[in-house]
file run.csv (CSV, C-alpha atoms)
chain,number,residue,atom,x,y,z
A,1,MET,CA,102.2,126.0,130.6
A,2,THR,CA,101.4,129.7,131.4
A,3,GLU,CA,97.8,130.7,132.1
A,4,GLU,CA,97.9,132.8,128.9
A,5,ASN,CA,99.0,129.8,126.7
A,6,LYS,CA,96.4,127.6,128.4
A,7,GLU,CA,93.7,130.1,127.6
A,8,ILE,CA,94.9,130.4,124.0
A,9,ASN,CA,94.7,126.6,123.6
A,10,GLU,CA,91.2,126.6,125.0
A,11,GLU,CA,90.2,129.4,122.6
A,12,LEU,CA,91.8,127.4,119.7
A,13,LYS,CA,89.8,124.3,120.7
A,14,GLU,CA,86.6,126.3,120.6
A,15,VAL,CA,87.4,127.7,117.2
A,16,VAL,CA,88.1,124.2,115.9
A,17,ILE,CA,84.9,122.9,117.5
A,18,MET,CA,82.9,125.7,115.9
A,19,ARG,CA,84.2,124.7,112.5
A,20,ILE,CA,83.4,121.0,113.1
A,21,GLU,CA,79.9,122.0,114.3
A,22,ALA,CA,79.3,123.6,110.9
A,23,ILE,CA,79.6,120.4,108.9
A,24,PRO,CA,76.6,118.3,108.2
A,25,SER,CA,75.9,115.3,110.4
A,26,ASN,CA,76.2,112.8,107.5
A,27,LEU,CA,80.0,113.4,107.2
A,28,ARG,CA,82.6,111.3,109.0
A,29,LEU,CA,86.3,111.8,109.2
A,30,SER,CA,88.9,109.1,108.7
A,31,ILE,CA,92.0,110.2,110.7
A,32,GLY,CA,94.5,108.1,112.6
A,33,SER,CA,94.3,104.4,113.4
A,34,GLU,CA,90.6,104.0,114.2
A,35,GLU,CA,87.3,103.8,112.5
A,36,SER,CA,86.0,107.1,111.0
A,37,LEU,CA,84.6,109.7,113.4
A,38,ASN,CA,81.3,111.4,113.4
A,39,LYS,CA,81.3,115.1,114.3
A,40,GLU,CA,80.3,114.4,118.0
A,41,GLN,CA,83.3,112.1,118.3
A,42,MET,CA,85.6,114.7,116.6
A,43,ILE,CA,84.5,117.3,119.1
A,44,GLU,CA,85.0,114.9,122.0
A,45,HIS,CA,88.6,114.2,120.9
A,46,VAL,CA,89.3,118.0,120.5
A,47,ARG,CA,87.9,118.7,123.9
A,48,LYS,CA,89.9,115.9,125.5
A,49,GLY,CA,93.1,117.1,123.7
A,50,ASP,CA,94.1,113.5,123.1
A,51,GLU,CA,96.3,112.4,120.2
A,52,THR,CA,93.4,112.4,117.7
A,53,GLY,CA,92.2,115.7,119.0
A,54,LYS,CA,95.7,117.2,118.6
A,55,GLN,CA,95.8,115.9,115.0
A,56,ILE,CA,92.5,117.6,114.2
A,57,ILE,CA,93.7,120.8,115.7
A,58,ASN,CA,97.1,120.6,113.9
A,59,SER,CA,95.3,120.1,110.6
A,60,HIS,CA,93.2,123.2,111.3
A,61,LEU,CA,96.3,125.2,112.2
A,62,SER,CA,98.3,124.2,109.1
A,63,PHE,CA,95.4,125.2,106.9
A,64,MET,CA,94.9,128.5,108.6
A,65,LYS,CA,98.7,129.2,108.3
A,66,ALA,CA,98.6,128.3,104.6
A,67,ILE,CA,95.8,130.8,104.1
A,68,ALA,CA,97.5,133.5,106.1
A,69,ARG,CA,100.9,133.1,104.4
A,70,GLY,CA,99.3,133.1,100.9
A,71,GLU,CA,100.6,129.5,100.3
A,72,LEU,CA,97.2,128.1,99.6
A,73,THR,CA,96.3,130.9,97.1
A,74,LYS,CA,99.7,130.5,95.4
A,75,ALA,CA,99.3,126.7,95.2
A,76,LEU,CA,95.7,126.9,93.9
A,77,ALA,CA,96.7,129.5,91.2
A,78,SER,CA,99.3,127.0,89.9
A,79,VAL,CA,96.7,124.5,88.7
B,80,MET,CA,112.7,91.8,90.3
B,81,ARG,CA,109.5,91.4,88.3
B,82,ARG,CA,107.5,94.2,86.7
B,83,GLU,CA,104.5,93.2,88.8
B,84,ILE,CA,102.4,94.8,91.6
B,85,LEU,CA,101.5,93.6,95.1
B,86,ILE,CA,98.5,95.3,96.7
B,87,THR,CA,97.1,94.9,100.2
B,88,LEU,CA,93.3,95.2,100.5
B,89,PRO,CA,92.3,94.8,104.2
B,90,ARG,CA,88.6,95.3,105.0
B,91,HIS,CA,88.0,95.2,108.8
B,92,ASP,CA,86.4,98.6,109.3
B,93,ASP,CA,84.8,101.4,107.3
B,94,VAL,CA,88.1,103.1,106.6
B,95,THR,CA,89.8,100.0,105.1
B,96,GLU,CA,86.6,99.1,103.3
B,97,TYR,CA,86.8,102.5,101.5
B,98,LEU,CA,90.5,102.2,100.7
B,99,SER,CA,90.1,98.7,99.3
B,100,GLN,CA,87.0,99.4,97.2
B,101,PHE,CA,88.6,102.5,95.6
B,102,SER,CA,91.7,100.4,94.8
B,103,GLN,CA,89.6,98.8,92.1
B,104,GLN,CA,90.7,101.7,89.8
B,105,ILE,CA,94.4,100.7,90.4
B,106,GLU,CA,93.6,97.1,89.5
B,107,ASP,CA,91.8,98.2,86.4
B,108,SER,CA,94.7,100.4,85.3
B,109,ALA,CA,97.2,97.5,85.8
B,110,ASN,CA,95.0,95.2,83.8
B,111,GLU,CA,94.7,97.7,81.0
B,112,LYS,CA,98.5,97.9,80.8
B,113,GLY,CA,98.9,94.1,81.1
B,114,ILE,CA,100.7,94.3,84.4
B,115,LYS,CA,100.1,91.5,86.8
B,116,ILE,CA,98.7,92.5,90.1
B,117,LYS,CA,98.7,90.2,93.2
B,118,LYS,CA,96.0,91.1,95.7
B,119,LEU,CA,96.2,90.3,99.4
B,120,LYS,CA,92.6,90.6,100.4
B,121,ASP,CA,91.0,90.6,103.8
B,122,LYS,CA,92.6,88.0,106.1
B,123,GLU,CA,95.3,87.4,103.5
B,124,ALA,CA,96.6,90.9,104.3
B,125,ASN,CA,98.9,89.6,107.1
B,126,GLN,CA,102.6,89.6,107.7
B,127,LYS,CA,103.2,85.9,107.0
B,128,GLU,CA,101.4,86.0,103.7
B,129,PHE,CA,102.9,89.3,102.7
B,130,GLU,CA,106.5,88.0,103.3
B,131,LYS,CA,105.7,84.7,101.5
B,132,VAL,CA,104.3,86.4,98.4
B,133,ILE,CA,106.9,89.2,98.1
B,134,LYS,CA,109.8,86.7,98.4
B,135,LYS,CA,108.2,84.4,95.8
B,136,LEU,CA,107.0,87.0,93.2
B,137,ASP,CA,109.6,89.6,93.9
B,138,CYS,CA,107.2,92.4,92.7
B,139,ARG,CA,108.8,95.7,91.7
B,140,MET,CA,105.9,97.7,93.1
B,141,ILE,CA,103.9,97.5,96.3
B,142,VAL,CA,100.7,99.4,97.2
B,143,PHE,CA,99.7,99.3,100.9
B,144,ASN,CA,96.2,100.2,102.0
B,145,GLY,CA,95.5,100.3,105.8
B,146,HIS,CA,96.2,101.9,109.1
B,147,GLY,CA,99.7,102.8,110.0
B,148,SER,CA,102.1,104.7,112.2
B,149,ALA,CA,105.6,106.1,111.9
B,150,GLU,CA,107.1,102.6,112.2
B,151,GLU,CA,104.5,100.2,110.9
B,152,ILE,CA,101.9,99.4,108.3
B,153,ARG,CA,98.9,97.4,109.2
B,154,GLY,CA,97.0,94.9,107.1
B,155,GLN,CA,93.8,93.2,108.3
B,156,LYS,CA,94.1,94.6,111.9
B,157,GLU,CA,97.6,93.1,112.4
B,158,ILE,CA,101.0,94.6,111.6
B,159,ILE,CA,102.2,93.7,108.1
B,160,VAL,CA,105.5,95.6,107.9
B,161,LYS,CA,107.5,96.9,110.9
B,162,LEU,CA,110.6,99.0,111.0
B,163,GLY,CA,113.6,96.9,112.1
B,164,VAL,CA,111.6,93.7,111.6
B,165,ASN,CA,110.9,93.2,107.9
B,166,ASP,CA,111.2,96.7,106.3
B,167,ASN,CA,114.2,95.3,104.4
B,168,LEU,CA,111.6,93.7,102.1
B,169,LEU,CA,110.7,97.2,100.8
B,170,LYS,CA,114.2,98.1,99.8
B,171,GLU,CA,114.9,98.9,96.1
B,172,ARG,CA,111.2,98.6,95.3
B,173,ILE,CA,108.6,101.3,94.4
B,174,VAL,CA,106.2,101.6,97.3
B,175,TYR,CA,103.1,103.6,97.9
B,176,ALA,CA,101.6,103.4,101.4
B,177,ARG,CA,98.1,104.9,101.8
B,178,SER,CA,98.5,104.9,105.6
B,179,CYS,CA,99.0,107.5,108.3
B,180,HIS,CA,102.5,108.7,109.3
B,181,VAL,CA,104.4,105.9,107.6
B,182,ALA,CA,106.6,108.1,105.4
B,183,SER,CA,107.9,110.0,108.5
B,184,LYS,CA,110.1,107.2,109.6
B,185,LEU,CA,109.6,103.8,108.0
B,186,GLY,CA,109.5,105.2,104.4
B,187,LYS,CA,112.6,107.3,105.1
B,188,GLU,CA,114.6,104.5,106.6
B,189,CYS,CA,113.8,101.9,103.9
B,190,THR,CA,115.0,104.2,101.2
B,191,LYS,CA,118.3,105.2,102.8
B,192,ASN,CA,121.2,104.8,100.3
B,193,THR,CA,118.8,103.3,97.8
B,194,LYS,CA,119.5,103.2,94.0
B,195,GLU,CA,116.3,102.1,92.5
B,196,GLY,CA,113.9,102.3,95.5
B,197,CYS,CA,111.2,104.9,96.1
B,198,PHE,CA,108.7,105.4,98.8
B,199,ILE,CA,105.7,107.7,98.5
B,200,GLY,CA,103.4,108.1,101.6
B,201,TYR,CA,102.3,110.5,104.3
B,202,ASP,CA,104.3,112.1,107.1
B,203,ARG,CA,101.1,112.8,109.0
B,204,PRO,CA,97.7,111.3,109.2
B,205,PHE,CA,96.1,110.6,105.8
B,206,GLN,CA,92.7,112.1,106.1
B,207,PHE,CA,89.4,111.7,104.2
B,208,TYR,CA,85.8,112.4,104.7
B,209,VAL,CA,83.0,110.0,103.9
B,210,ASP,CA,79.3,110.6,103.4
B,211,MET,CA,77.5,108.2,105.8
B,212,GLN,CA,74.7,107.5,103.3
B,213,TRP,CA,77.2,105.7,101.1
B,214,LEU,CA,78.9,103.5,103.8
B,215,GLY,CA,77.3,100.5,102.1
B,216,ASN,CA,78.3,101.6,98.6
B,217,PRO,CA,81.6,103.5,98.9
B,218,LEU,CA,82.2,103.9,95.2
B,219,LYS,CA,79.1,106.2,95.0
B,220,ASP,CA,80.5,108.5,97.6
B,221,ASN,CA,81.6,111.7,95.8
B,222,ILE,CA,83.0,113.2,99.0
B,223,ALA,CA,85.4,110.3,99.6
B,224,ARG,CA,86.2,110.3,95.8
B,225,LEU,CA,87.8,113.7,96.2
B,226,PHE,CA,90.4,112.1,98.5
B,227,LEU,CA,90.8,108.6,97.2
B,228,GLN,CA,90.8,109.2,93.5
B,229,SER,CA,93.6,111.8,93.8
B,230,SER,CA,95.6,109.4,95.9
B,231,ASN,CA,95.0,106.6,93.4
B,232,LEU,CA,96.7,108.8,90.8
B,233,ILE,CA,100.1,107.9,92.4
B,234,PRO,CA,100.1,104.2,91.6
B,235,ILE,CA,98.0,104.7,88.4
B,236,SER,CA,100.5,107.3,87.0
B,237,ILE,CA,103.4,104.9,87.8
B,238,ILE,CA,101.5,102.0,86.0
B,239,LYS,CA,101.0,104.3,83.0
B,240,GLY,CA,104.8,104.8,82.8
B,241,ASP,CA,105.4,108.0,84.7
B,242,SER,CA,108.4,108.4,87.0
B,243,THR,CA,107.7,108.3,90.7
B,244,SER,CA,108.3,112.1,90.9
B,245,ASP,CA,105.8,112.8,88.1
B,246,ALA,CA,103.3,110.5,89.8
B,247,ASN,CA,103.6,112.3,93.1
B,248,GLU,CA,103.2,115.7,91.3
B,249,ASN,CA,100.2,114.4,89.3
B,250,SER,CA,98.4,113.4,92.5
B,251,LYS,CA,99.3,116.7,94.2
B,252,ARG,CA,98.0,118.7,91.3
B,253,GLN,CA,94.7,116.8,91.4
B,254,ILE,CA,94.4,117.5,95.2
B,255,LEU,CA,94.7,121.2,94.4
B,256,LYS,CA,92.1,121.0,91.7
B,257,ASN,CA,89.8,119.3,94.1
B,258,ILE,CA,90.4,122.0,96.7
B,259,ASN,CA,89.5,124.6,94.0
B,260,LYS,CA,86.3,122.7,93.2
B,261,VAL,CA,85.3,122.4,96.8
B,262,LEU,CA,85.9,126.1,97.6
B,263,ARG,CA,84.0,127.1,94.4
B,264,ASP,CA,80.9,125.1,95.4
B,265,LEU,CA,81.0,126.7,98.8
B,266,ASN,CA,78.7,125.0,101.4
B,267,ALA,CA,78.8,124.1,105.0
B,268,GLU,CA,81.4,121.4,104.7
B,269,SER,CA,83.7,123.1,102.2
B,270,PHE,CA,86.2,124.5,104.7
B,271,LYS,CA,86.7,121.2,106.5
B,272,ILE,CA,87.0,119.2,103.3
B,273,ALA,CA,89.5,121.7,101.8
B,274,GLU,CA,91.4,121.6,105.1
B,275,ALA,CA,91.7,117.7,105.0
B,276,LEU,CA,92.7,117.8,101.3
B,277,TRP,CA,95.4,120.4,102.2
B,278,ASN,CA,96.6,118.1,105.0
B,279,ASN,CA,97.1,115.3,102.5
B,280,TYR,CA,98.8,117.7,100.0
B,281,GLU,CA,101.3,118.9,102.5
B,282,GLY,CA,101.8,115.5,104.1
B,283,GLN,CA,102.4,113.6,100.9
B,284,VAL,CA,106.1,113.0,100.5
B,285,LEU,CA,108.5,111.1,98.3
B,286,HIS,CA,111.7,109.4,99.7
B,287,GLY,CA,114.4,107.7,97.6
B,288,ASN,CA,114.9,107.9,93.8
B,289,PRO,CA,112.4,110.3,92.2
B,290,ASP,CA,113.3,109.2,88.6
B,291,VAL,CA,112.5,105.5,88.8
B,292,LYS,CA,109.8,103.9,86.7
B,293,LEU,CA,107.9,100.6,86.9

call {"tool": "encode", "arguments": {"input": "run.csv", "output": "structure tokens"}}
result
Amino acid sequence: MTEENKEINEELKEVVIMRIEAIPSNLRLSIGSEESLNKEQMIEHVRKGDETGKQIINSHLSFMKAIARGELTKALASV
Amino acid sequence: MRREILITLPRHDDVTEYLSQFSQQIEDSANEKGIKIKKLKDKEANQKEFEKVIKKLDCRMIVFNGHGSAEEIRGQKEIIVKLGVNDNLLKERIVYARSCHVASKLGKECTKNTKEGCFIGYDRPFQFYVDMQWLGNPLKDNIARLFLQSSNLIPISIIKGDSTSDANENSKRQILKNINKVLRDLNAESFKIAEALWNNYEGQVLHGNPDVKL
């Protein structure tokens, strides 16, 4: 991995963590094959970059891409 | 094959507790339509019991709740269906698996060259948020409802007589309506909830025959 890519990944992690920090503490996320996660656990997985952390980041990226490409707006306008 | 349903209802952690409690809507719908539904609850949701019941009752439709991966579906902690071991039991049936990743491999494989079989599931993690204040009473959790009611629409639409393709689309439309609702009532959690709903929308896939009915 180049230094630039590594830096981008770290930046991406920070963006995802900022989004997670914004949610109220009473919410837990069910993802993957374990019990639901509170926001501190979600942040820990993202920081570690483990399988669950990658899934959380991928979910964020897919949503951002859908917004940027207009796919989300188009889909929402269809209902 | 009998026009009956087999449903797994494991409850060994908060995730499976939610999935199983929200499955009551599926059971109610089957009862309304006079369709028999065989439940494998808690410890009964194991491989041995599943194999015994599906061979005996030969149900046309199976609904799985539980954790999963690309090659397996779990019941009460243990594996209930595994690719290359007993996935042949799913062939030519209508299957909905509310489990992570299962459609990416197992669902695809068990519907290869199928005539009457269809598998609806997720090719990525199935996600949902829960509100901790309702952990003891999941059915009152309106955040989880956004995710689990829209996924319930898959089996419920099939029970009501829709084709598997229509059932898949009904559920996806409801997910989009829920995203609209969440983004309209904009608050601190809206973005993350919409993101998780979108994950399920994109990840929900159908393999096999899209025109079959129960």

call {"tool": "interface_residues", "arguments": {"input": "run.csv", "of": "chain B", "to": "chain A", "cutoff": "7 Å", "atoms": "all atoms listed in the file", "output": "list in words"}}
result
Asp92, Asp93, Val94, His146, Gly147, Cys179, Pro204, Phe205, Gln206, Phe207, Tyr208, Val209, Asp210, Met211, Gln212, Arg252, Leu255, Lys256, Asn259, Ala267, Glu268, Glu274, Trp277 and Asn278 of chain B

call {"tool": "residues_around", "arguments": {"input": "run.csv", "residues": "Gly113 of chain B", "least_positions_apart": "3", "cutoff": "12 Å", "atoms": "all atoms listed in the file", "output": "VMD selection string"}}
result
chain B and resid 82 to 84 106 to 110 116 238 to 239

call {"tool": "closest_residue", "arguments": {"input": "run.csv", "among": "B:Leu285, B:Ile222, B:Ala273, B:Leu162", "to": "Tyr201 of chain B", "atoms": "all atoms listed in the file"}}
result
B:Leu285

call {"tool": "residues_around", "arguments": {"input": "run.csv", "residues": "Gln126 of chain B", "least_positions_apart": "6", "cutoff": "9 Å", "atoms": "all atoms listed in the file", "output": "ChimeraX atom specification"}}
result
/B:153-154,157-160

call {"tool": "atom_distance", "arguments": {"input": "run.csv", "atom1": "atom CA of Glu171 of chain B", "atom2": "atom CA of Lys134 of chain B"}}
result
13.4 Å

call {"tool": "residues_around", "arguments": {"input": "run.csv", "residues": "Gln100 of chain B", "least_positions_apart": "5", "cutoff": "12 Å", "atoms": "only C-alpha atoms", "output": "PyMOL selection string"}}
result
chain B and resi 87-90+93-95+105-107+120-121+144+214-220+223-224+227-228+231

call {"tool": "closest_residue", "arguments": {"input": "run.csv", "among": "B:Leu265, B:Ile254, B:Leu85, B:Cys189", "to": "Leu136 of chain B", "atoms": "all atoms listed in the file"}}
result
B:Leu85

call {"tool": "closest_residue", "arguments": {"input": "run.csv", "among": "A:Glu10, A:Lys74, A:Ile67, A:Ile17", "to": "Glu44 of chain A", "atoms": "all atoms listed in the file"}}
result
A:Ile17

call {"tool": "atom_distance", "arguments": {"input": "run.csv", "atom1": "atom CA of Ser269 of chain B", "atom2": "atom CA of Gln283 of chain B"}}
result
21.0 Å

call {"tool": "atom_distance", "arguments": {"input": "run.csv", "atom1": "atom CA of Glu123 of chain B", "atom2": "atom CA of His91 of chain B"}}
result
11.9 Å

call {"tool": "closest_residue", "arguments": {"input": "run.csv", "among": "B:Leu293, B:Ile114, B:Leu185, B:Leu119", "to": "Glu151 of chain B", "atoms": "only C-alpha atoms"}}
result
B:Leu185
